[in-house]
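Undergrad: Sharing query_30.csv below, CSV, C-alpha atoms:
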chain,number,residue,atom,x,y,z
A,15,MET,CA,151.6,151.9,59.0
A,16,THR,CA,151.0,150.9,55.4
A,17,ARG,CA,147.6,151.7,53.8
A,18,ARG,CA,146.8,147.9,53.8
A,19,ASN,CA,147.5,147.5,57.4
A,20,ALA,CA,145.5,150.7,58.2
A,21,VAL,CA,142.5,149.2,56.4
A,22,ILE,CA,142.9,145.9,58.3
A,23,ALA,CA,143.3,147.7,61.6
A,24,LEU,CA,140.2,149.8,60.9
A,25,ALA,CA,138.2,146.6,60.0
A,26,LEU,CA,139.4,144.9,63.2
A,27,ALA,CA,138.4,147.9,65.3
A,28,GLY,CA,135.0,148.0,63.6
A,29,GLY,CA,134.5,144.3,64.2
A,30,LEU,CA,135.5,144.6,67.8
A,31,ALA,CA,133.1,147.5,68.3
A,32,LEU,CA,130.3,145.6,66.7
A,33,GLY,CA,131.2,142.6,68.8
A,34,ALA,CA,131.3,144.7,72.0
A,35,GLY,CA,128.0,146.3,71.1
A,36,VAL,CA,126.4,142.9,70.7
A,37,TYR,CA,128.0,141.6,73.9
A,38,PHE,CA,126.5,144.4,75.9
A,39,GLY,CA,123.2,144.0,74.1
A,40,GLN,CA,123.3,140.4,75.2
A,41,SER,CA,124.8,141.0,78.6
A,42,ASP,CA,121.6,140.3,80.4
A,43,ARG,CA,121.8,136.8,79.0
A,44,TRP,CA,124.6,136.3,81.5
A,45,ALA,CA,124.0,138.7,84.3
A,46,GLY,CA,120.3,138.2,84.5
A,47,SER,CA,118.0,141.2,84.4
A,48,VAL,CA,116.9,142.3,87.8
A,49,ALA,CA,114.0,144.2,89.0
A,50,ASP,CA,114.6,148.0,89.0
A,51,ALA,CA,114.6,149.7,92.3
A,52,GLY,CA,111.3,151.5,92.7
A,53,GLN,CA,109.3,148.7,91.1
A,54,SER,CA,106.1,147.8,93.0
A,55,ALA,CA,106.2,144.8,95.2
A,56,ALA,CA,102.5,144.4,94.9
A,57,THR,CA,102.6,140.9,93.5
A,58,LEU,CA,105.0,139.8,96.2
A,59,LEU,CA,102.8,141.3,99.0
A,60,ALA,CA,99.8,139.5,97.5
A,61,LEU,CA,101.4,136.1,98.1
A,62,THR,CA,100.0,133.7,100.7
A,63,LEU,CA,102.0,130.6,101.7
A,64,PRO,CA,101.8,128.1,104.5
A,65,ASP,CA,104.1,127.9,107.4
A,66,PRO,CA,105.7,124.5,108.2
A,67,ALA,CA,102.6,123.5,110.3
A,68,GLY,CA,100.4,124.3,107.3
A,69,LYS,CA,98.9,127.6,108.5
A,70,PRO,CA,98.6,130.1,105.6
A,71,GLU,CA,100.3,133.5,106.0
A,72,SER,CA,99.8,136.4,103.7
A,73,LEU,CA,102.8,138.6,103.0
A,74,GLY,CA,100.5,141.6,102.9
A,75,GLN,CA,100.2,141.5,106.7
A,76,TRP,CA,103.7,143.0,106.8
A,77,GLN,CA,103.0,145.9,104.5
A,78,GLY,CA,104.5,149.1,105.9
A,79,LYS,CA,107.5,147.3,107.4
A,80,VAL,CA,110.9,147.2,105.9
A,81,LEU,CA,110.4,143.7,104.5
A,82,VAL,CA,113.3,141.4,103.6
A,83,VAL,CA,112.0,138.4,101.7
A,84,ASN,CA,114.6,135.7,101.4
A,85,PHE,CA,114.0,132.7,99.0
A,86,TRP,CA,116.1,129.8,100.3
A,87,ALA,CA,116.2,126.0,100.8
A,88,THR,CA,117.8,123.5,103.2
A,89,TRP,CA,119.4,121.9,100.1
A,90,CYS,CA,121.2,125.2,99.4
A,91,ALA,CA,124.4,125.5,101.4
A,92,PRO,CA,125.0,129.3,100.7
A,93,CYS,CA,121.4,129.9,101.8
A,94,ARG,CA,121.9,128.1,105.1
A,95,GLU,CA,125.2,129.9,105.8
A,96,GLU,CA,123.8,133.4,105.6
A,97,MET,CA,120.7,132.8,107.7
A,98,PRO,CA,122.4,133.3,111.1
A,99,GLU,CA,123.3,136.8,110.0
A,100,PHE,CA,119.6,137.4,109.2
A,101,VAL,CA,118.6,136.2,112.6
A,102,ARG,CA,121.0,138.7,114.2
A,103,ALA,CA,119.7,141.5,112.1
A,104,GLN,CA,116.1,140.6,112.9
A,105,ASP,CA,116.9,140.7,116.6
A,106,GLU,CA,118.7,144.1,116.3
A,107,PHE,CA,116.2,145.9,114.1
A,108,GLY,CA,112.9,144.1,114.6
A,109,GLY,CA,111.8,146.7,117.1
A,110,LYS,CA,112.4,149.4,114.5
A,111,GLY,CA,110.2,147.9,111.8
A,112,LEU,CA,112.4,145.3,110.1
A,113,GLN,CA,110.7,142.1,109.1
A,114,PHE,CA,112.5,139.2,107.6
A,115,VAL,CA,110.4,136.5,105.9
A,116,GLY,CA,112.0,133.3,104.6
A,117,ILE,CA,110.3,131.5,101.7
A,118,ALA,CA,111.8,127.9,101.5
A,119,ILE,CA,111.5,126.0,98.3
A,120,ASP,CA,111.6,122.8,100.3
A,121,GLU,CA,109.7,120.3,102.4
A,122,ALA,CA,107.9,121.6,105.5
A,123,ASP,CA,109.6,119.1,107.9
A,124,LYS,CA,113.1,120.1,106.7
A,125,VAL,CA,112.2,123.8,107.0
A,126,ARG,CA,110.9,123.4,110.5
A,127,GLN,CA,113.9,121.3,111.6
A,128,PHE,CA,116.5,123.8,110.2
A,129,GLY,CA,114.6,126.7,111.6
A,130,GLU,CA,114.7,125.2,115.1
A,131,ALA,CA,118.3,124.2,114.8
A,132,ILE,CA,119.5,127.8,114.2
A,133,GLY,CA,116.9,129.6,116.2
A,134,VAL,CA,115.2,131.5,113.4
A,135,ASN,CA,113.2,134.4,114.8
A,136,TYR,CA,111.2,135.3,111.8
A,137,PRO,CA,108.4,133.6,109.8
A,138,LEU,CA,109.5,130.7,107.6
A,139,LEU,CA,107.0,129.9,104.8
A,140,VAL,CA,107.0,126.9,102.5
A,141,GLY,CA,106.8,127.6,98.8
A,142,GLY,CA,107.0,125.5,95.6
A,143,TYR,CA,107.4,126.0,91.9
A,144,GLY,CA,104.9,128.9,92.0
A,145,ALA,CA,107.1,130.8,94.5
A,146,MET,CA,110.2,130.3,92.3
A,147,GLU,CA,108.3,131.5,89.3
A,148,LEU,CA,107.3,134.7,91.2
A,149,SER,CA,111.0,135.2,92.1
A,150,ARG,CA,111.7,135.0,88.4
A,151,SER,CA,109.4,137.9,87.8
A,152,PHE,CA,111.6,140.0,90.1
A,153,GLY,CA,114.7,139.1,88.1
A,154,ASN,CA,115.7,135.6,89.3
A,155,ARG,CA,116.0,134.5,85.7
A,156,VAL,CA,117.8,131.2,86.3
A,157,MET,CA,115.7,130.4,89.4
A,158,ALA,CA,118.7,130.0,91.7
A,159,LEU,CA,118.9,130.4,95.4
A,160,PRO,CA,119.4,132.4,97.6
A,161,PHE,CA,117.4,135.3,96.2
A,162,THR,CA,116.5,138.2,98.4
A,163,ILE,CA,114.1,141.1,97.8
A,164,ILE,CA,114.1,144.2,100.1
A,165,VAL,CA,110.9,146.1,100.1
A,166,GLY,CA,110.7,149.6,101.6
A,167,ARG,CA,107.9,150.9,103.9
A,168,ASP,CA,106.3,152.4,100.7
A,169,GLY,CA,105.7,148.9,99.2
A,170,ASN,CA,108.3,149.4,96.5
A,171,ILE,CA,111.4,147.3,95.8
A,172,ALA,CA,114.5,148.8,97.3
A,173,HIS,CA,117.0,146.1,96.4
A,174,VAL,CA,117.1,142.7,94.8
A,175,GLN,CA,120.0,140.3,95.5
A,176,LEU,CA,120.8,137.1,93.6
A,177,GLY,CA,123.3,135.1,95.6
A,178,PRO,CA,124.3,135.7,99.2
A,179,LEU,CA,123.5,139.1,100.7
A,180,PRO,CA,126.6,140.2,102.7
A,181,ASP,CA,126.0,141.7,106.1
A,182,THR,CA,127.6,145.0,105.2
A,183,LYS,CA,125.3,145.4,102.2
A,184,LEU,CA,122.3,144.4,104.2
A,185,ARG,CA,123.1,147.0,106.8
A,186,LEU,CA,123.7,149.7,104.2
A,187,PHE,CA,120.2,149.3,102.9
A,188,LEU,CA,118.7,149.0,106.4
A,189,GLY,CA,120.4,152.2,107.3
A,190,LYS,CA,118.6,154.0,104.5
A,191,LEU,CA,115.2,152.3,104.9
A,192,ILE,CA,114.6,151.9,108.6
B,1,MET,CA,119.8,146.3,77.9
B,2,LEU,CA,122.7,147.7,79.9
B,3,ALA,CA,122.2,147.6,83.7
B,4,ALA,CA,121.7,151.3,84.2
B,5,SER,CA,120.3,151.6,87.7
B,6,THR,CA,122.9,152.4,90.3
B,7,ALA,CA,120.4,151.4,93.0
B,8,THR,CA,120.4,147.7,91.9
B,9,ALA,CA,123.2,145.4,92.8
B,10,GLN,CA,126.0,144.1,90.6
B,11,GLU,CA,124.6,140.7,89.8
B,12,PRO,CA,126.7,137.6,89.3
B,13,ARG,CA,127.0,136.2,85.8
B,14,LEU,CA,125.1,132.9,86.0
B,15,LEU,CA,124.5,130.2,83.4
B,16,GLU,CA,121.2,128.6,82.8
B,17,PRO,CA,121.3,125.2,84.6
B,18,GLU,CA,121.1,123.3,81.2
B,19,ARG,CA,124.3,125.1,80.2
B,20,ALA,CA,126.0,124.8,83.6
B,21,PHE,CA,125.2,121.1,83.8
B,22,SER,CA,125.0,120.0,80.2
B,23,PHE,CA,123.6,116.5,79.9
B,24,SER,CA,124.0,114.1,76.9
B,25,ALA,CA,123.8,110.4,76.3
B,26,ARG,CA,124.6,107.8,73.6
B,27,ALA,CA,123.7,104.2,73.2
B,28,LEU,CA,126.8,102.0,73.1
B,29,ASP,CA,124.9,98.8,72.3
B,30,ALA,CA,121.5,97.3,73.0
B,31,THR,CA,122.2,97.0,76.7
B,32,THR,CA,124.4,99.9,77.5
B,33,VAL,CA,123.9,103.7,77.6
B,34,GLU,CA,126.8,106.0,78.3
B,35,THR,CA,125.7,109.3,80.0
B,36,ARG,CA,127.8,112.5,80.3
B,37,PHE,CA,127.5,115.6,82.4
B,38,ALA,CA,129.7,118.4,81.1
B,39,ILE,CA,129.9,120.6,84.2
B,40,ALA,CA,131.0,124.2,83.4
B,41,ASP,CA,134.0,125.7,85.2
B,42,GLY,CA,132.9,127.1,88.5
B,43,TYR,CA,129.9,124.8,88.9
B,44,TYR,CA,129.5,121.4,90.7
B,45,LEU,CA,127.0,118.7,91.2
B,46,TYR,CA,126.2,116.7,94.4
B,47,ARG,CA,127.0,113.0,94.2
B,48,ASP,CA,124.1,112.0,96.5
B,49,LYS,CA,121.5,113.8,94.4
B,50,LEU,CA,122.3,112.0,91.1
B,51,LYS,CA,119.7,109.6,89.9
B,52,PHE,CA,119.2,107.8,86.6
B,53,SER,CA,116.2,106.0,85.2
B,54,LEU,CA,114.8,104.8,81.9
B,55,GLU,CA,111.5,105.2,80.3
B,56,PRO,CA,110.4,102.5,79.4
B,57,GLY,CA,112.4,99.9,81.0
B,58,ALA,CA,114.7,99.5,84.0
B,59,LEU,CA,118.3,99.6,84.8
B,60,ALA,CA,120.0,96.2,85.7
B,61,THR,CA,121.6,97.8,88.7
B,62,PRO,CA,122.0,101.4,89.8
B,63,PRO,CA,125.1,102.9,88.1
B,64,VAL,CA,128.3,102.9,90.1
B,65,LEU,CA,129.1,106.5,91.0
B,66,PRO,CA,132.7,107.4,91.2
B,67,PRO,CA,133.9,109.0,94.4
B,68,GLY,CA,133.5,112.8,94.3
B,69,LYS,CA,135.5,115.6,95.9
B,70,VAL,CA,134.7,115.7,99.6
B,71,LYS,CA,133.4,119.0,100.9
B,72,GLN,CA,132.8,119.8,104.5
B,73,ASP,CA,129.3,121.1,105.0
B,74,ALA,CA,128.4,122.7,108.3
B,75,PHE,CA,124.9,121.2,108.4
B,76,PHE,CA,125.1,117.9,106.5
B,77,GLY,CA,128.7,116.9,107.3
B,78,ASN,CA,130.7,115.4,104.4
B,79,VAL,CA,129.2,115.8,101.0
B,80,GLU,CA,130.8,114.7,97.7
B,81,THR,CA,130.8,116.8,94.6
B,82,TYR,CA,131.6,116.4,90.9
B,83,ARG,CA,133.2,118.9,88.6
B,84,GLY,CA,134.2,118.8,84.9
B,85,GLN,CA,133.2,115.8,82.9
B,86,LEU,CA,131.2,113.0,84.5
B,87,VAL,CA,130.8,109.9,82.3
B,88,LEU,CA,128.7,107.0,83.6
B,89,ARG,CA,127.5,103.8,82.0
B,90,LEU,CA,124.0,102.6,82.5
B,91,ALA,CA,123.3,98.8,82.1
B,92,LEU,CA,119.8,98.1,80.9
B,93,ALA,CA,117.9,95.3,82.6
B,94,ALA,CA,116.8,93.8,79.3
B,95,PRO,CA,118.5,94.2,76.0
B,96,ALA,CA,116.3,96.0,73.5
B,97,PRO,CA,118.0,96.2,70.1
B,98,GLY,CA,116.5,98.8,67.9
B,99,ALA,CA,114.1,100.1,70.6
B,100,THR,CA,113.7,103.7,71.5
B,101,VAL,CA,114.4,104.6,75.1
B,102,THR,CA,114.4,107.8,77.2
B,103,VAL,CA,117.2,108.3,79.7
B,104,LYS,CA,116.2,110.5,82.6
B,105,ALA,CA,118.9,112.1,84.8
B,106,GLU,CA,118.1,113.9,88.0
B,107,SER,CA,120.7,116.1,89.5
B,108,GLN,CA,121.2,119.1,91.8
B,109,GLY,CA,124.1,121.5,91.6
B,110,CYS,CA,125.5,124.9,92.6
B,111,ALA,CA,127.8,127.6,91.4
B,112,ASP,CA,131.0,128.7,93.2
B,113,LEU,CA,129.6,132.2,93.0
B,114,GLY,CA,127.3,131.2,95.8
B,115,VAL,CA,124.0,130.0,94.5
B,116,CYS,CA,122.3,126.7,94.1
B,117,TYR,CA,119.9,125.5,91.4
B,118,PRO,CA,116.7,123.5,92.2
B,119,PRO,CA,116.9,119.8,91.4
B,120,GLN,CA,116.9,119.4,87.6
B,121,ILE,CA,115.5,116.7,85.4
B,122,GLN,CA,117.1,116.2,82.0
B,123,LYS,CA,116.0,113.7,79.4
B,124,VAL,CA,117.5,112.3,76.3
B,125,THR,CA,115.7,110.0,73.9
B,126,LEU,CA,117.9,107.4,72.1
B,127,ALA,CA,117.5,104.6,69.6
B,128,LEU,CA,119.3,101.5,70.8
B,129,PRO,CA,121.5,100.0,68.1
B,130,ALA,CA,120.5,96.7,66.5
B,131,ALA,CA,122.7,93.7,67.3
B,132,GLY,CA,126.2,94.2,65.8
B,133,ALA,CA,125.5,97.8,64.9
B,134,PRO,CA,128.0,100.5,65.9
B,135,PRO,CA,127.3,102.8,69.0
B,136,GLY,CA,124.9,105.7,68.4
B,137,ALA,CA,126.0,109.3,68.3
B,138,PRO,CA,125.7,111.4,71.5
B,139,VAL,CA,122.4,113.2,71.9
B,140,GLU,CA,122.2,116.3,74.0
B,141,SER,CA,119.4,117.0,76.4
B,142,ALA,CA,119.3,120.7,75.7
B,143,PRO,CA,121.2,121.5,72.4
B,144,VAL,CA,122.9,124.9,72.6
B,145,LYS,CA,121.2,127.2,70.1
B,146,LYS,CA,123.9,128.0,67.6
B,147,THR,CA,124.2,131.7,66.9
B,148,TRP,CA,126.9,133.7,65.1
B,149,PHE,CA,128.5,134.4,68.5
B,150,ASN,CA,128.9,131.0,70.0
For the structure just supplied, provide its representation as structure tokens.
TA:
Amino acid sequence: MTRRNAVIALALAGGLALGAGVYFGQSDRWAGSVADAGQSAATLLALTLPDPAGKPESLGQWQGKVLVVNFWATWCAPCREEMPEFVRAQDEFGGKGLQFVGIAIDEADKVRQFGEAIGVNYPLLVGGYGAMELSRSFGNRVMALPFTIIVGRDGNIAHVQLGPLPDTKLRLFLGKLI
Amino acid sequence: MLAASTATAQEPRLLEPERAFSFSARALDATTVETRFAIADGYYLYRDKLKFSLEPGALATPPVLPPGKVKQDAFFGNVETYRGQLVLRLALAAPAPGATVTVKAESQGCADLGVCYPPQIQKVTLALPAAGAPPGAPVESAPVKKTWFN
């Protein structure tokens, strides 16, 4: 390689390295920073929201359970599609301390109708912008749905999932936590 | 910062909704506004969730929405979606040459990665051209901040 080409190659490599460093530095701009495992779920457990009939329910009542809090909406197709799997898991592990809670960013009537249609066997609560803002504090930077937080019996975050939560992954975590 | 914790999931790369569903508009003349959604690859909008309005003023008729791509939804049946560029003309009820008007677009969309965004409201404020004047330049609802890297 000529000296000139060597200098060019070196400059290119340096530029790439600089670019790569900046990319990784900005990677959370794309990936979305998420809550670290072990972070306290205190603010989540402090939440009180109404059920579709308007009765307020505090998430704190489920402290000590393995709590799976799923943010969803009837206007979110991927959210609706994964809920039957949650119903099955609640059935299977409810007796061992698993508690699903759905927080719908939605209208109460639609939440109730959908819950009845697929036989949801866990509490469905109705949230609004405040609930979405809370999900943002746990890493839901773009405020998209579904967004699921798994809390261990110790009240700390075990896992945060933006997007659908595959059954295999759910069971992997339940296996460790229950 | 680099995602360091092995206990957290590999998160999907997701755009902010203003980038995934970038909205702009331009005034063609005193009675017509052309709107554009530039929908990023891998994202789509629902046809039945699109709504346009003006502040102040009114539209002559609701805009004609082109047919979208039909998607089978297990719960809602057939839904139509849009991808790529969506260009629509809005006809103002009353011509207002030289006036300032705000176009409001309501939309709701999702990503193929498997998430949906809440309904979005995007606004663009335009000056309508005077009679005989050429069309205005496009105005973006959320201009992308220019940095050295984009």
Undergrad: Considering all atoms listed in the file, can you say which of B:Ala105, B:Leu65, B:Cys116, B:Ala58 comes closest to chain A?
TA: B:Cys116
Undergrad: Identify the residues within 12 Å of coordinate (125.8, 117.5, 104.2) (same frame as the file), considering all atoms listed in the file, and give the answer as a PyMOL selection string.
TA: (chain A and resi 88-91+94) or (chain B and resi 46-49+70-81)
Undergrad: Could you work out how far atom CA of B:Pro17 lies from atom CA of B:Ser53, giving the answer in Å with one decimal?
TA: 19.9 Å
Undergrad: Show me, as a ChimeraX atom specification, the residues that have an atom within 7 Å of B:Lys104 when counting all atoms listed in the file, minus same-chain residues fewer than 2 positions from it.
TA: /B:52-54,102,106,121-124
Undergrad: What is the atom CA of B:Gly132 to atom CA of B:Arg89 distance in Å?
TA: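 Value for the atom CA of B:Gly132-atom CA of B:Arg89 distance: 18.9 Å.
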Undergrad: One decimal, in Å: what's the spacing between atom CA of A:Leu73 and atom CA of A:Ala60?
TA: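 Distance reported for this atom pair: 6.3 Å.
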Undergrad: I want to know what sits within 8 Å of stretch 61-70 of chain A, based on all atoms listed in the file, with residues of the same chain fewer than 6 positions away left out; could you give that as a list in words?
TA: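 The residues satisfying every condition are Ala122, Asp123, Val125, Arg126, Pro137, Leu138, Leu139, Val140 and Gly141 of chain A.
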Undergrad: Under the rule that only C-alpha atoms are counted, which of A:Ile164, A:Leu112, A:Val80, A:Leu159 is the nearest residue to A:Ala145?
TA: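 Using only C-alpha atoms, A:Ala145 sits closest to A:Leu159.
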Undergrad: Around (123.6, 113.3, 74.7), as given in the file, which residues come within 7 Å? Count only C-alpha atoms and list them as a PyMOL selection string.
TA: chain B and resi 23-26+35+124+138-141
